[in-house]
2 protein chains.
Amino acid sequence: MSDIQHKIKILRQLMDQKQYDFYLTPSTDAHNNEYLPKAWQRRPWISDFTGSAGEALVGHKEAHLWTDGRYFLQAETELDSSIYQLQKQQGYISEFENWLEIHAYGKTLAIDPTTLSIKRGQTINALMHKLRGKCVFDKSNLIDEVRRLCNESTDLPHGKAFLQTLQFSGKETQVKLREIRNKLNEHRVDALVISVLDEIAWLLNIRGHDIEFNPLLISYVIVSEAHCQLFVDETKLDDHIKQNLISHGVEILPYEDFYDALKHLNVRVWIDANTANYAILQCLNREASPYFAQSPIVLMKACKNIVEIDGSKLAHKKDAIAMIEFIYWLENNWQQGVDELSAQQKLLEFRQKQPHFKGASFDTISGFASNGAIIHYRSSKKTSKIIDDSNLYLLDSGGQYLEGTTDITRVFHLGIPMPLHKHYYTLVLKGHLALQNMSFPKGTKGEQLDSLARQPLWQEQLNYGHGTGHGVGSFLCVHEGPQRISPAFSNQSLEPGMIVSNEPGIYFPNRFGIRIENLCFVKKLKEQAHHECGEFYAFEDLTLVPYARNLIAIELLTHNEIRQINSYHLRVEKEIMPMISNEKIKTWLGNQLKPL
Amino acid sequence: MSDIQHKIKILRQLMDQKQYDFYLTPSTDAHNNEYLPKAWQRRPWISDFTGSAGEALVGHKEAHLWTDGRYFLQAETELDSSIYQLQKQQGYISEFENWLEIHAYGKTLAIDPTTLSIKRGQTINALMHKLRGKCVFDKSNLIDEVRRLCNESTDLPHGKAFLQTLQFSGKETQVKLREIRNKLNEHRVDALVISVLDEIAWLLNIRGHDIEFNPLLISYVIVSEAHCQLFVDETKLDDHIKQNLISHGVEILPYEDFYDALKHLNVRVWIDANTANYAILQCLNREASPYFAQSPIVLMKACKNIVEIDGSKLAHKKDAIAMIEFIYWLENNWQQGVDELSAQQKLLEFRQKQPHFKGASFDTISGFASNGAIIHYRSSKKTSKIIDDSNLYLLDSGGQYLEGTTDITRVFHLGIPMPLHKHYYTLVLKGHLALQNMSFPKGTKGEQLDSLARQPLWQEQLNYGHGTGHGVGSFLCVHEGPQRISPAFSNQSLEPGMIVSNEPGIYFPNRFGIRIENLCFVKKLKEQAHHECGEFYAFEDLTLVPYARNLIAIELLTHNEIRQINSYHLRVEKEIMPMISNEKIKTWLGNQLKPL
């Protein structure tokens with residue numbers, strides 16, 4: 001009996017004891033994390049499927065795993081098909097509910113309420129009622145019980161927390177708390193429950209080591225007019241941090257006490273039903289009344305203050321040096337034999353030389369030739385290709401610095417590119433430049449701008465299957481809402497201080513992929529007094545790394561586009577060149593930056 | 001006592017008798033018409049405000065009129081401020097409900113349920129309940145009673161109906177009915193109630209003379225598997241039409257019998273709650289159950305068949321001849337003294353020379369200089385300016401032909417334009433060309449394309465306060481949903497066969513306005529076999545009238561844009577030139593069409 005068969009057998013025994021027909025294991029955890037600590041990576045553990053999105057449902061005779069198109073191949077490889085049936089979703093939205101409609105009449109479905117949002121929990125609960133079945137929200141997670149029975153650890157990480165000082169955060173916790181409390185008053189709410197870790201990190205100006213790629217600390221917070229309670233494993237806080245938090249009026253309580261504390265909130269409580277887990281709603285007592293709305297921190301955190309923007313500029317300069325050193329190194333060393341994994345390791349080493357570097361901001365995508373065409377590719381020993389001068393190399397990576405978070409994609413050709421490489425690179429570049437150059441009126445949403453980056457591809461009946469831009473945190477998560485630039489409807493206009501990526505691409509399966517990505521921030525333009533069309537905003541690039549000169553088909557560019565590339569390269573010359581000391585790199589860089 | 005004071009006095013007496021605190025008069029009628037027959041123009045009658053959008057609320061001591069920014073000046077001029085307080089709305093969405101929240105606690109509000117949609121009726125009803133007041137849906141319209149007491153006619157129009165033969169409609173009523181019935185089966189619904197007049201005209205291939213600019217017949221239809229009942233004033237139908245309708249299985253019943261017929265529908269009934277009036281819902285009996293969804297006709301009607309598209313092409317050729325004859329005439333006659341009204345009359349005469357012309361498709365916007373800057377301008381004897389060579393002249397007009405509906409805007413300068421005229425004309429033209437030239441993947445919605453037309457203006461912090469494109473009917477309404485190209489969220493992708501306008505503009509109050517408008521239709525592109533990005537669509541221009549050559553600042557255009565204008569003008573040369581017989585006009589037109 002294989003490992004997975006053994007695990008499923010035990011799970012079914014537990015389900016038997018509790019009289020559950022189905023047990024659902026979603027992808028996320030109690031804090032709606034994108035990256036999960038190992039202790040909460042339950043769905044991979046119970047299914048062997050390691051993709052970022054997927055839900056496992058185990059019944060007594062059957063088991064299913066839902067995932068989307070990005071992961072069909074991977075899921076087919078990883079799943080034991082004698083146990084799991086792969087359920088292929090059309091889009092990114094779970095189709096588990098549709099399956100329930102047909103197969104769960106009169107059944108009992110159990111879910112750990114901490115592993116799904118209130119909104120989702122309410123939907124599933126209502127559906128099971130409609131089906132004359134039952135949805136049991138069972139806080140004793142069955143997967144964890146199986147793990148304990150298999151003698152596997154379910155311990156949470158013990159990383160130490162540290163302060164994000166005023167020099168980097170730009171705003172004291174006390175001030176942020178005042179702003180939150182004003183929001184509570186404005187909305188006539190007594191308390192705010194915060195379970196999303198980057199919201200807590202932002203509010204309390206603390207960072208942690210609990211989550212890979214994201215400098216977060218596992219914790220909960222409840223803010224009211226009189227109190228700010230932080231629920232956290234106290235051993236992660238040294239005296240210095242404790243003193244700091246206490247000086248801002250923060251009370252430190254055991255992590256485990258959070259749900260008990262909820263039970264005693266007899267007031268109107270602000271909860272973000274899209275991110276707060278269902279157990280939070282369950283724990284509210286009858287006297288409490290929930291006020292469901294987006295957390296007030298979401299927008300405050302998304303609109304960076306001037307210190308954060310300046311920090312991000314500095315972080316991007318350091319990151320540009322590392323990238324430029326890496327590109328120079330790659331061009332001069334590939335003939336010694338460099339593969340995808342060693343290249344990404346080398347890039348990490350260049351980043352590590354930079355002060356205040358705290359690690360990668362996400363799992364690097366280092367894909368040569370056909371591997372570059374896999375949008376969510378992660379190189380491994382099995383797949384890593386040697387990088388040579390025969391094809392394109394796509395590198396999407398980022399760093400966490402105390403000053404900010406970076407994310408950049410560049411594509412390289414180490415020899416003489418084919419005309420079609422240049423053709424498609426230039427189409428992608430034209431879309432990237434169109435968005436980069438855009439001014440737009442206050443109130444504009446991402447879906448209005450998305451097509452500007454796709455237009456040159458659309459003209460050749462080409463497209464890419466991902467959004468054009470995602471929000472980015474300030475030494476926080478590399479994927480941050482609520483802003484985005486995508487064809488999908490969003491309810492959020494682009495506001496000054498927001499950081500977004502600009503990353504059109506094109507992917508030819510089994511051949512190569514192209515993506516060009518800069519981060520930029522939204523800024524106000526000076527108003528034109530003689531017009532009456534209101535305020536306008538524009539993007540300013542944070543990323544300052546040259547585009548691939550040898551991949552630009554100049555004949556496809558307009559004069560304005562050429563001018564735009566030249567002035568971008570002039571910024572690199574002015575802002576990055578002086579920070580590079582190696583003369584050889586300086587000379588090389590100078591050549592890259594010459595006007596087209 | 002003025003007329004309006006007298007009317008309000010009588011209305012208040014009637015309200016007294018019925019114990020109503022407030023009486024609401026919305027803008028629309030029982031068929032959700034955009035243009036109303038005089039009999040249903042109640043809000044203008046009771047308020048003196050003649051704008052297209054506005055709601056009048058009369059209380060015992062107060063009266064209010066809500067309208068949006070387009071009409072503030074007009075409303076201030078037209079309203080008697082001793083009676084009506086003008087309530088200025090921020091956007092196009094009524095703020096009447098917000099006012100109720102504050103002022104209507106415990107009150108009784110009365111509304112004629114035929115004058116608002118089911119959705120709106122439900123909202124207002126729920127709100128009045130929440131406010132512990134009452135909403136009385138009183139079918140005996142109080143404004144009509146006042147009119148009768150004032151000896152004013154409330155008679156409906158008596159225009160004769162006529163057939164839209166297969167040659168123009170491209171699809172027999174029988175076939176359309178079969179398709180509708182298939183939809184009913186698919187959705188497990190027994191009957192469909194149709195109250196929107198252009199849906200009825202489309203379904204039954206009939207047209208009428210009841211509404212100005214729209215060739216519609218006032219009527220209702222109920223379709224079920226076994227029946228298709230048309231409720232209409234029978235005197236409008238001659239024997240030929242009756243025979244035709246009966247041959248397709250249509251039963252003809254008195255218009256007045258519609259609501260009674262509803263009362264006997266003991267089945268599941270498909271109703272479009274956004275367009276059907278609230279009285280329809282009220283008349284359903286307890287056995288009937290409403291199925292609320294967009295009418296299945298909306299999309300069928302929007303996606304024109306090949307006969308309708310070919311018809312539209314022909315209608316636009318005839319319209320192009322009329323426009324070209326007009327422009328030639330204007331250029332050669334303005335020195336004799338032409339004003340806005342005489343110009344628009346002359347254009348109508350040129351259109352009237354074309355076969356199958358059935359009248360203007362909307363109220364012409366003929367605005368010289370500062371009048372062109374008023375987006376919804378209608379020239380009158382009071383405002384009509386003499387057109388000369390000192391400024392720009394904006395002309396937005398359209399025709400109804402049996403083959404299709406046209407709508408075109410051109411801007412002229414009869415002398416030597418100022419550089420700034422050329423500058424802004426060219427910015428608007430660049431946006432117009434960008435949209436005209438676009439290919440886009442299946443599934444793309446209008447809000448994704450809207451910014452392409454604004455981009456050149458946004459770069460100079462300019463914008464226009466209207467959508468970029470509206471749908472257009474096939475010898476039906478010049479404004480037709482569900483498609484549109486606008487910044488606002490729409491739930492409708494652009495589909496092959498849809499006709500939309502492409503009309504960016506720019507308006508400088510008190511100086512001049514510019515708008516360039518063509519109609520175009522959505523078509524499938526031939527699939528690129530070697531790509532895998534799915535189906536792509538593009539626009540094809542229907543309108544074939546030259547742009548204003550003397551207003552183009554060629555130095556602002558890219559090579560591609562110049563090529564695009566030249567190839568558009570080449571189409572005019574090929575398709576329109578041969579249809580013009582006058583040699584002088586041919587020579588003049590040839591000069592307009594020379595490559596830039």
# chains A, B, ... in the order shown; residues from 1 in each chain; ligands from 1
>>> closest_atom_pairs(of="chain A", to="chain B", cutoff="6 Å", atoms="only C-alpha atoms", output="CSV")
residue,atom,partner,partner_atom,distance
A:Ser439,CA,B:Gln459,CA,5.4
A:Phe440,CA,B:Trp458,CA,5.6
A:Glu447,CA,B:Gln448,CA,5.9
A:Gln448,CA,B:Gln448,CA,5.0
A:Ser451,CA,B:Gln448,CA,5.9
A:Trp458,CA,B:Phe440,CA,5.6
A:Gln459,CA,B:Ser439,CA,5.4
A:Leu462,CA,B:Cys533,CA,5.7
A:Cys533,CA,B:Leu462,CA,5.7
>>> write_last_selection(atoms="N, CA and C atoms", output="PDB file, in the first residue's frame")
ATOM      1  N   SER A 439      -1.437  57.874 -19.598  1.00  0.00           N
ATOM      2  CA  SER A 439      -2.096  58.721 -18.587  1.00  0.00           C
ATOM      3  C   SER A 439      -3.562  58.340 -18.622  1.00  0.00           C
ATOM      4  N   PHE A 440      -4.225  58.504 -17.484  1.00  0.00           N
ATOM      5  CA  PHE A 440      -5.632  58.102 -17.445  1.00  0.00           C
ATOM      6  C   PHE A 440      -6.347  58.896 -16.363  1.00  0.00           C
ATOM      7  N   GLU A 447      -9.328  47.007 -15.770  1.00  0.00           N
ATOM      8  CA  GLU A 447      -9.857  46.363 -16.980  1.00  0.00           C
ATOM      9  C   GLU A 447      -9.969  47.335 -18.143  1.00  0.00           C
ATOM     10  N   GLN A 448      -9.953  48.647 -17.862  1.00  0.00           N
ATOM     11  CA  GLN A 448      -9.992  49.614 -18.954  1.00  0.00           C
ATOM     12  C   GLN A 448      -8.622  49.751 -19.616  1.00  0.00           C
ATOM     13  N   SER A 451      -6.314  46.165 -22.186  1.00  0.00           N
ATOM     14  CA  SER A 451      -6.219  45.906 -23.629  1.00  0.00           C
ATOM     15  C   SER A 451      -5.128  46.718 -24.299  1.00  0.00           C
ATOM     16  N   TRP A 458      -3.080  41.328 -30.284  1.00  0.00           N
ATOM     17  CA  TRP A 458      -4.421  41.088 -30.835  1.00  0.00           C
ATOM     18  C   TRP A 458      -4.427  41.327 -32.346  1.00  0.00           C
ATOM     19  N   GLN A 459      -3.664  42.321 -32.780  1.00  0.00           N
ATOM     20  CA  GLN A 459      -3.656  42.616 -34.221  1.00  0.00           C
ATOM     21  C   GLN A 459      -3.149  41.424 -35.030  1.00  0.00           C
ATOM     22  N   LEU A 462      -3.087  37.112 -31.571  1.00  0.00           N
ATOM     23  CA  LEU A 462      -2.369  36.459 -30.465  1.00  0.00           C
ATOM     24  C   LEU A 462      -2.849  37.049 -29.151  1.00  0.00           C
ATOM     25  N   CYS A 533     -11.055  68.608 -17.441  1.00  0.00           N
ATOM     26  CA  CYS A 533     -11.338  67.174 -17.471  1.00  0.00           C
ATOM     27  C   CYS A 533     -10.923  66.471 -16.192  1.00  0.00           C
TER      28      CYS A 533
END
>>> residues_around(residues="Ser289 in chain B", least_positions_apart="6", cutoff="12 Å", atoms="only C-alpha atoms", output="VMD selection string")
chain B and resid 188 to 192 262 to 263 265 to 271 281 to 283
>>> write_last_selection(atoms="C-alpha atoms", output="PDB file, in the first residue's frame")
ATOM      1  CA  ARG B 188     -38.126  25.365 -18.713  1.00  0.00           C
ATOM      2  CA  VAL B 189     -40.410  28.363 -18.999  1.00  0.00           C
ATOM      3  CA  ASP B 190     -43.949  28.285 -20.401  1.00  0.00           C
ATOM      4  CA  ALA B 191     -44.442  31.798 -21.686  1.00  0.00           C
ATOM      5  CA  LEU B 192     -42.547  34.950 -22.557  1.00  0.00           C
ATOM      6  CA  LEU B 262     -51.617  38.243 -17.854  1.00  0.00           C
ATOM      7  CA  LYS B 263     -53.961  37.501 -14.973  1.00  0.00           C
ATOM      8  CA  LEU B 265     -51.303  32.920 -17.124  1.00  0.00           C
ATOM      9  CA  ASN B 266     -51.056  30.104 -14.573  1.00  0.00           C
ATOM     10  CA  VAL B 267     -47.580  29.109 -15.630  1.00  0.00           C
ATOM     11  CA  ARG B 268     -43.898  29.925 -15.396  1.00  0.00           C
ATOM     12  CA  VAL B 269     -43.447  33.289 -17.162  1.00  0.00           C
ATOM     13  CA  TRP B 270     -40.211  34.750 -18.528  1.00  0.00           C
ATOM     14  CA  ILE B 271     -40.010  38.463 -17.722  1.00  0.00           C
ATOM     15  CA  LEU B 281     -45.554  41.710 -12.212  1.00  0.00           C
ATOM     16  CA  GLN B 282     -48.586  42.925 -10.266  1.00  0.00           C
ATOM     17  CA  CYS B 283     -50.992  41.317 -12.743  1.00  0.00           C
TER      18      CYS B 283
END
>>> select_by_dssp(residues="range 71-279 of chain A", states="strand (DSSP E or B)", output="PyMOL selection string")
chain A and resi 84-88+108-111+117+134-137+162-163+191-194+206-207+219-224+228-232+250-253+268-271+277
>>> residues_around(residues="Phe539 in chain A", least_positions_apart="2", cutoff="6 Å", atoms="only C-alpha atoms", output="ChimeraX atom specification")
/A:520-522
>>> atom_distance(atom1="CA of Gly106 in chain A", atom2="CA of Asn125 in chain A")
12.8 Å
>>> closest_residue(among="A:His103, A:Arg147, A:Lys382, A:Lys523", to="Leu127 in chain A", atoms="only C-alpha atoms")
A:His103
>>> residues_around(residues="Ser501 in chain A", least_positions_apart="4", cutoff="10 Å", atoms="only C-alpha atoms", output="list in words")
Thr406, Asp407, Ile408, Gln436, Gly467, Thr468, Gly469, His470, Gly471, Val472, Val478, His479, Arg484, Ile485, Ile516, Glu517, Asn518, Leu519, Cys520, Phe521, Asp541, Leu542 and Thr543 of chain A
>>> write_last_selection(atoms="N, CA, C and O atoms", output="compact mmCIF listing (two decimals), in the first residue's frame")
# COMPACT_ATOMS: atom_id res chain seq x y z
N THR A 406 10.49 43.53 -5.03
CA THR A 406 10.67 43.68 -6.47
C THR A 406 10.17 42.44 -7.22
O THR A 406 10.00 41.37 -6.63
N ASP A 407 9.95 42.62 -8.51
CA ASP A 407 9.43 41.55 -9.39
C ASP A 407 9.73 41.99 -10.81
O ASP A 407 9.24 43.03 -11.26
N ILE A 408 10.56 41.25 -11.51
CA ILE A 408 10.99 41.66 -12.85
C ILE A 408 11.07 40.44 -13.76
O ILE A 408 11.46 39.35 -13.32
N GLN A 436 2.97 51.48 -20.12
CA GLN A 436 3.94 52.30 -19.38
C GLN A 436 3.71 53.79 -19.62
O GLN A 436 3.86 54.62 -18.73
N GLY A 467 -3.33 37.87 -16.50
CA GLY A 467 -3.55 39.31 -16.39
C GLY A 467 -2.30 40.08 -16.80
O GLY A 467 -1.21 39.52 -16.90
N THR A 468 -2.48 41.38 -17.02
CA THR A 468 -1.33 42.20 -17.41
C THR A 468 -0.59 42.74 -16.20
O THR A 468 0.61 42.99 -16.28
N GLY A 469 -1.30 42.90 -15.09
CA GLY A 469 -0.61 43.47 -13.93
C GLY A 469 -1.26 43.06 -12.62
O GLY A 469 -2.47 42.92 -12.53
N HIS A 470 -0.42 42.85 -11.59
CA HIS A 470 -0.91 42.58 -10.24
C HIS A 470 -0.34 43.63 -9.30
O HIS A 470 0.71 44.21 -9.58
N GLY A 471 -1.04 43.86 -8.18
CA GLY A 471 -0.51 44.75 -7.17
C GLY A 471 0.68 44.12 -6.46
O GLY A 471 0.84 42.89 -6.47
N VAL A 472 1.52 44.95 -5.84
CA VAL A 472 2.71 44.47 -5.13
C VAL A 472 2.80 45.22 -3.80
O VAL A 472 2.53 46.42 -3.73
N VAL A 478 4.23 39.76 -2.88
CA VAL A 478 4.46 40.17 -4.26
C VAL A 478 3.14 40.17 -5.04
O VAL A 478 3.05 40.81 -6.09
N HIS A 479 2.15 39.48 -4.55
CA HIS A 479 0.79 39.58 -5.11
C HIS A 479 -0.10 40.22 -4.05
O HIS A 479 -0.34 39.63 -3.00
N ARG A 484 -5.57 45.57 -9.82
CA ARG A 484 -4.96 44.70 -10.80
C ARG A 484 -5.28 45.25 -12.19
O ARG A 484 -6.18 46.06 -12.35
N ILE A 485 -4.55 44.77 -13.17
CA ILE A 485 -4.81 45.17 -14.55
C ILE A 485 -5.10 43.89 -15.31
O ILE A 485 -4.19 43.12 -15.61
N ILE A 516 7.70 40.50 -20.63
CA ILE A 516 8.50 41.67 -20.24
C ILE A 516 7.76 42.32 -19.08
O ILE A 516 6.60 42.72 -19.23
N GLU A 517 8.43 42.39 -17.93
CA GLU A 517 7.75 42.87 -16.72
C GLU A 517 8.55 43.92 -15.99
O GLU A 517 9.71 43.68 -15.63
N ASN A 518 7.95 45.07 -15.80
CA ASN A 518 8.44 46.09 -14.88
C ASN A 518 7.40 46.29 -13.79
O ASN A 518 6.21 46.10 -14.03
N LEU A 519 7.85 46.73 -12.62
CA LEU A 519 6.90 47.29 -11.64
C LEU A 519 6.87 48.80 -11.83
O LEU A 519 7.86 49.41 -12.24
N CYS A 520 5.72 49.39 -11.55
CA CYS A 520 5.58 50.84 -11.63
C CYS A 520 4.61 51.28 -10.56
O CYS A 520 3.94 50.45 -9.95
N PHE A 521 4.57 52.57 -10.29
CA PHE A 521 3.58 53.05 -9.33
C PHE A 521 2.72 54.13 -9.98
O PHE A 521 3.12 54.77 -10.96
N ASP A 541 7.87 54.07 -13.79
CA ASP A 541 8.57 52.80 -13.63
C ASP A 541 9.44 52.80 -12.39
O ASP A 541 10.17 53.75 -12.11
N LEU A 542 9.39 51.70 -11.66
CA LEU A 542 10.31 51.44 -10.56
C LEU A 542 11.48 50.60 -11.08
O LEU A 542 12.63 50.85 -10.73
N THR A 543 11.18 49.61 -11.88
CA THR A 543 12.19 48.71 -12.43
C THR A 543 13.07 49.46 -13.42
O THR A 543 12.56 50.17 -14.28
>>> closest_residue(among="A:Gly170, A:Gly121, A:Gly359, A:Pro417", to="Val307 in chain A", atoms="only C-alpha atoms")
A:Gly170
